[in-house]
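Below: one structure, written as structure tokens.
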Amino acid sequence: MSNRYDSRTTIFSPEGRLYQVEYAMEAISHAGTALGILAKDGIVLAAEKKVSSKLLEQETSAEKMYVLSKNIICVVAGIDSDASTLVETARKMALQHFATYDEEIPVEVLVKRICNVMQGYTQFGGLRPYGVSFIFAGWDSSQGFQLYQSNPSGNYTGWLATSVGANTTSAQTLLKQEYKPDSTLEEACDQAMLIMSKTMDSSALTSTKLEFATIKASSDGAEYNVYKPKDIEPLIEKVKSTTQ
Amino acid sequence: MSNPSEINGGSAVAMIGKDCVAIACDLRLGLQSVTVSGDFEKIFQYGGNFVAFTGLATDVQTVSTELRQKHALYEMVEERSMEPNTAAHLVSSMLYSRRFAPWFVGPLVAGINSTTGEPYVCSFDSIGSMDVSHDFVVTGTATNQLYGMAESLYEKDMSPEQLFETISQTLLCAADRDAITGSGGLVYVIEKNGKVTKKLLKSRQD
Amino acid sequence: MDILLGIRTQNEVLLITSRSLARGISVLKSDDVKVLECNKHTALAFSGEPGDTTNFVEFIRANVRLYGFQNKQELTTHAVASYARKELATSLRSRKPYQVNILVAGHNGTPELHWIDYLGTNVTLPYAAHGYASYYVLSTLDRWWTETLTLEEGLELARKCIDELEKRMPIDFKGCNIHVVDQNGVRLHE
């Protein structure tokens with residue numbers, strides 16, 4: 001398992017690999033599945049919440065969905081505490097851009113800056129990399145709706161539909177089957193829910209095990225909506241009725 | 001005119017009615033006697049809270065954007081909307097953080113508490129001393145004139161319509177007696193049910 | 001004092017700046033250009049303390065271009081104006097503030113003109129002037145400016161302003177350059 005080349009984050013192995021970064025990615029592959037689908041009039045994000053105990057307080061804030069600015073939201077897979085410090089950084093970056101330029105930060109600009117922070121921890125010694133992958137969903141006036149995924153190495157990529165986490169392979173397969181290039185946000189929501197229902201570990205789909213968020217066009221750009229459990233129920237019902 | 005608070009000119013007033021509040025400002029921005037702009041709005045909306053800034057225009061813009069940042073961060077982190085008294089304390093602490101090199105602004109906060117339904121108005125000096133009022137608050141270069149008008153026109157428990165008339169007359173008549181306040185006005189009436197009415201007032205353009 | 005005027009017309013923004021560069025009682029230059037192309041669709045006109053002016057606008061231009069290179073998309077005129085304002089406002093409370101007044105003119109679909117003074121006051125205006133020239137031309141602009149000026153009418157209005165300045169200003173400002181900012185970018189009008 002362990003060898004000479006993974007004790008420091010910044011040392012390449014003879015095969016040219018950075019083991020610590022790969023271990024960080026491994027940490028993510030145990031996280032609850034998260035996915036994002038780009039529709040023509042918006043983006044949907046969905047995530048599986050791993051409920052460890054029935055004594056866990058369910059009514060507190062969303063665990064995986066974060067609002068980064070008026071025009072950008074994201075979903076997290078990996079170590080939650082790592083994610084929350086990055087989210088805090090991202091929010092401050094977005095606000096700083098808004099204060100300086102009086103315009104919302106373009107999505108890719110924010111994603112790139114966050115990824116540069118993450119990249120720093122794969123090159124400078126002494127600290128471990130961030131154990132998180134993000135799926136960013138956002139809108140800006142020059143590029144429209146955009147969906148990006150990042151990983152601990154600091155790489156990011158743009159997607160039409162993507163997933164991360166424990167059951168990402170089956171989710172990816174389903175996304176490839178289900179994805180339609182010109183679907184509406186409503187159709188994309190249904191697709192997302194259907195894929196979640198097929199990939200989640202638990203047999204019964206419930207709102208306590210799901211998180212859901214959308215970003216769509218509005219009069220002054222874009223508006224986000226992070227779903228409350230009661231808003232998720234109708235979507236679950238819809239999937240149940242169509243699959244039966 | 002070496003007083004930074006009186007270079008650009010401008011005034012604002014806020015009043016409490018029955019289950020409503022109103023806040024109004026003039027629209028002038030000048031450089032001493034020369035009017036540069038006639039549509040410089042001094043009232044900024046932060047969720048359900050309305051904040052007017054009078055004073056040095058550059059500081060009005062700096063402080064209003066800083067407050068926009070702090071308000072946005074609050075709502076993202078807390079996942080709830082900010083109450084007017086919270087906004088007022090935030091303004092206060094922002095101003096006091098510059099105690100020894102102040103922003104030359106005179107803010108007003110107006111809003112309705114979403115849980116109690118209580119209307120709230122508050123004024124500040126440039127270093128953040130709060131003055132929470134049960135009737136009206138004024139600020140700006142026409143402060144004295146506004147006090148005179150408000151003292152004589154204000155009545156308790158006015159309806160939104162009455163409140164709009166009262167605050168409009170207060171502002172317009174005060175602006176008539178201050179050379180560096182005027183070029184039209186802007187009034188917001190905020191009601192308990194969440195209804196917000198924005199109206200522009202026309203006035204002398206000199 | 002230098003002349004700095006901006007007039008927004010229906011499809012473009014005109015920047016009118018004096019051609020003289022004087023120091024003390026001497027005119028050093030009579031073909032000075034007080035306008036800088038910031039990015040393809042945004043121009044900065046500037047006046048104030050010599051040295052501060054060029055240093056400040058070149059700093060702004062460098063950072064605007066850097067943003068363009070780093071982020072593969074250019075800042076809008078509105079964003080450039082906000083950024084310049086922020087730099088001036090920050091500088092105002094430093095040990096030695098920049099004494100620079102600027103006009104930001106640009107075209108992002110629609111023409112746009114920002115007036116920013118050395119304090120960092122940023123306002124969007126249909127027509128604007130800095131310095132002593134404002135005392136002479138604002139009344140002319142108040143009288144003749146309309147929302148639907150064509151380029152020719154805009155140039156005619158600029159002529160009116162320059163005539164007034166030549167008549168009333170106590171110094172010879174060696175004529176004016178007129179820069180036009182429209183959808184094709186920034187150009188010097190002959």
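Residue numbers start at 1 in each chain; chains themselves are named A, B, ... in the order of the structure tokens; ligands are numbered from 1 in the order shown.
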Original post:
Can you list, as a ChimeraX atom specification, every protein, DNA or RNA residue that comes within 7 Å of segment 114-120 of chain A when you count only C-alpha atoms, leaving out same-chain residues fewer than 3 positions away?
Top reply: /A:90,110-111,123-124,129-130,152-155
Write a file of the just-selected residues containing N, CA, C and O atoms, as a PDB file, in the first residue's frame.
```pdb
ATOM      1  N   ALA A  90     -14.223  30.984  -1.645  1.00  0.00           N
ATOM      2  CA  ALA A  90     -14.904  31.269  -2.915  1.00  0.00           C
ATOM      3  C   ALA A  90     -15.884  32.425  -2.767  1.00  0.00           C
ATOM      4  O   ALA A  90     -15.953  33.308  -3.621  1.00  0.00           O
ATOM      5  N   LEU A 110     -14.135  32.394 -11.319  1.00  0.00           N
ATOM      6  CA  LEU A 110     -14.181  31.910  -9.937  1.00  0.00           C
ATOM      7  C   LEU A 110     -13.652  30.480  -9.842  1.00  0.00           C
ATOM      8  O   LEU A 110     -12.841  30.161  -8.962  1.00  0.00           O
ATOM      9  N   VAL A 111     -14.088  29.630 -10.776  1.00  0.00           N
ATOM     10  CA  VAL A 111     -13.661  28.230 -10.757  1.00  0.00           C
ATOM     11  C   VAL A 111     -12.139  28.152 -10.875  1.00  0.00           C
ATOM     12  O   VAL A 111     -11.468  27.434 -10.127  1.00  0.00           O
ATOM     13  N   GLN A 123       1.728  21.344  -4.785  1.00  0.00           N
ATOM     14  CA  GLN A 123       3.078  21.717  -5.206  1.00  0.00           C
ATOM     15  C   GLN A 123       3.946  22.195  -4.052  1.00  0.00           C
ATOM     16  O   GLN A 123       5.147  21.984  -4.057  1.00  0.00           O
ATOM     17  N   PHE A 124       3.319  22.865  -3.058  1.00  0.00           N
ATOM     18  CA  PHE A 124       4.102  23.399  -1.947  1.00  0.00           C
ATOM     19  C   PHE A 124       3.993  22.457  -0.757  1.00  0.00           C
ATOM     20  O   PHE A 124       2.902  22.009  -0.417  1.00  0.00           O
ATOM     21  N   PRO A 129      -3.347  17.923   0.292  1.00  0.00           N
ATOM     22  CA  PRO A 129      -4.275  18.555  -0.652  1.00  0.00           C
ATOM     23  C   PRO A 129      -5.701  18.566  -0.094  1.00  0.00           C
ATOM     24  O   PRO A 129      -6.012  17.813   0.837  1.00  0.00           O
ATOM     25  N   TYR A 130      -6.536  19.398  -0.644  1.00  0.00           N
ATOM     26  CA  TYR A 130      -7.963  19.406  -0.284  1.00  0.00           C
ATOM     27  C   TYR A 130      -8.611  18.124  -0.773  1.00  0.00           C
ATOM     28  O   TYR A 130      -8.414  17.745  -1.935  1.00  0.00           O
ATOM     29  N   PRO A 152      -9.081  17.431  -6.650  1.00  0.00           N
ATOM     30  CA  PRO A 152      -8.044  17.929  -5.739  1.00  0.00           C
ATOM     31  C   PRO A 152      -6.744  18.349  -6.420  1.00  0.00           C
ATOM     32  O   PRO A 152      -5.970  19.119  -5.854  1.00  0.00           O
ATOM     33  N   SER A 153      -6.487  17.880  -7.632  1.00  0.00           N
ATOM     34  CA  SER A 153      -5.243  18.275  -8.301  1.00  0.00           C
ATOM     35  C   SER A 153      -5.304  19.727  -8.744  1.00  0.00           C
ATOM     36  O   SER A 153      -4.281  20.328  -9.054  1.00  0.00           O
ATOM     37  N   GLY A 154      -6.486  20.294  -8.794  1.00  0.00           N
ATOM     38  CA  GLY A 154      -6.634  21.674  -9.253  1.00  0.00           C
ATOM     39  C   GLY A 154      -7.021  21.746 -10.714  1.00  0.00           C
ATOM     40  O   GLY A 154      -7.090  22.816 -11.292  1.00  0.00           O
ATOM     41  N   ASN A 155      -7.289  20.575 -11.303  1.00  0.00           N
ATOM     42  CA  ASN A 155      -7.817  20.567 -12.671  1.00  0.00           C
ATOM     43  C   ASN A 155      -9.304  20.851 -12.650  1.00  0.00           C
ATOM     44  O   ASN A 155      -9.999  20.439 -11.729  1.00  0.00           O
TER      45      ASN A 155
END
```
**OP:** Please report as an NGL selection string which residues of chain B come no farther than 9 Å from chain A, using only C-alpha atoms.
**Re:** :B and (62 or 65-66 or 68-70 or 72-73 or 76-77 or 79)
**OP:** Using only C-alpha atoms, select each residue of chain C with any atom at most 8 Å away from an atom of chain B, and give the selection as a list in words.
**Re:**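 Output check: Lys86, Ala89, Leu119, Gly120, Thr121, Asn122, Val123, Leu125, Ala128 and Tyr135 of chain C.
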Original post:
Counting only C-alpha atoms, which residues from chain A have an atom at most 9 Å from any atom of chain C, and could you show them as a PyMOL selection string?
Top reply: chain A and resi 99-103+106+108-109+112+142
Mind dumping the selected residues with N, CA and C atoms as a compact mmCIF listing (two decimals), in the first residue's frame?
```
# COMPACT_ATOMS: atom_id res chain seq x y z
N ALA A 99 -17.43 43.81 -5.60
CA ALA A 99 -17.14 45.12 -5.01
C ALA A 99 -16.22 45.93 -5.91
N THR A 100 -15.25 45.27 -6.56
CA THR A 100 -14.29 45.98 -7.40
C THR A 100 -14.89 46.39 -8.74
N TYR A 101 -15.57 45.46 -9.39
CA TYR A 101 -16.01 45.71 -10.76
C TYR A 101 -17.50 46.02 -10.87
N ASP A 102 -18.24 45.94 -9.77
CA ASP A 102 -19.68 46.15 -9.75
C ASP A 102 -20.39 45.22 -10.73
N GLU A 103 -19.82 44.06 -10.94
CA GLU A 103 -20.44 43.02 -11.78
C GLU A 103 -20.17 41.67 -11.14
N PRO A 106 -17.51 36.25 -13.36
CA PRO A 106 -17.82 35.21 -14.35
C PRO A 106 -17.52 33.83 -13.77
N GLU A 108 -16.30 30.95 -14.85
CA GLU A 108 -15.00 30.30 -15.05
C GLU A 108 -13.89 31.02 -14.28
N VAL A 109 -14.02 32.33 -14.11
CA VAL A 109 -13.01 33.09 -13.36
C VAL A 109 -12.96 32.59 -11.92
N LYS A 112 -11.60 28.94 -11.79
CA LYS A 112 -10.15 28.94 -12.01
C LYS A 112 -9.41 29.37 -10.73
N SER A 142 -21.56 36.74 -20.35
CA SER A 142 -20.82 36.47 -21.58
C SER A 142 -20.89 35.01 -22.01
```
Subject >> Distance in Å - atom CA of Asp142 of chain C versus atom CA of Asp206 of chain B >> reply: 11.6 Å
**OP:** Rank nothing, just name the residue among A:Thr243, A:Asn71, A:Thr162, A:Thr122 nearest to Phe12 of chain A, using only C-alpha atoms.
**Re:**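 So, comparing all the options, the nearest one is A:Thr122.
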Original post:
Out of B:Ser11, B:Pro119, B:Ser93, B:Cys20, which residue has the shortest atom-to-atom distance to Leu172 of chain B when counting only C-alpha atoms?
Top reply: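 Of B:Ser11, B:Pro119, B:Ser93, B:Cys20, the one nearest Leu172 of chain B, counting only C-alpha atoms, is B:Ser11.
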**OP:** Just list the residues in segment 7-63 of chain A DSSP gives strand (DSSP E or B) on the backbone, as a PyMOL selection string.
**Re:** chain A and resi 34-39+42-48
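The smallest atom-to-atom distance between Phe164 of chain B and any of B:Thr197, B:Ser2, B:Ser33, B:Thr139, using only C-alpha atoms, is found for B:Thr197.
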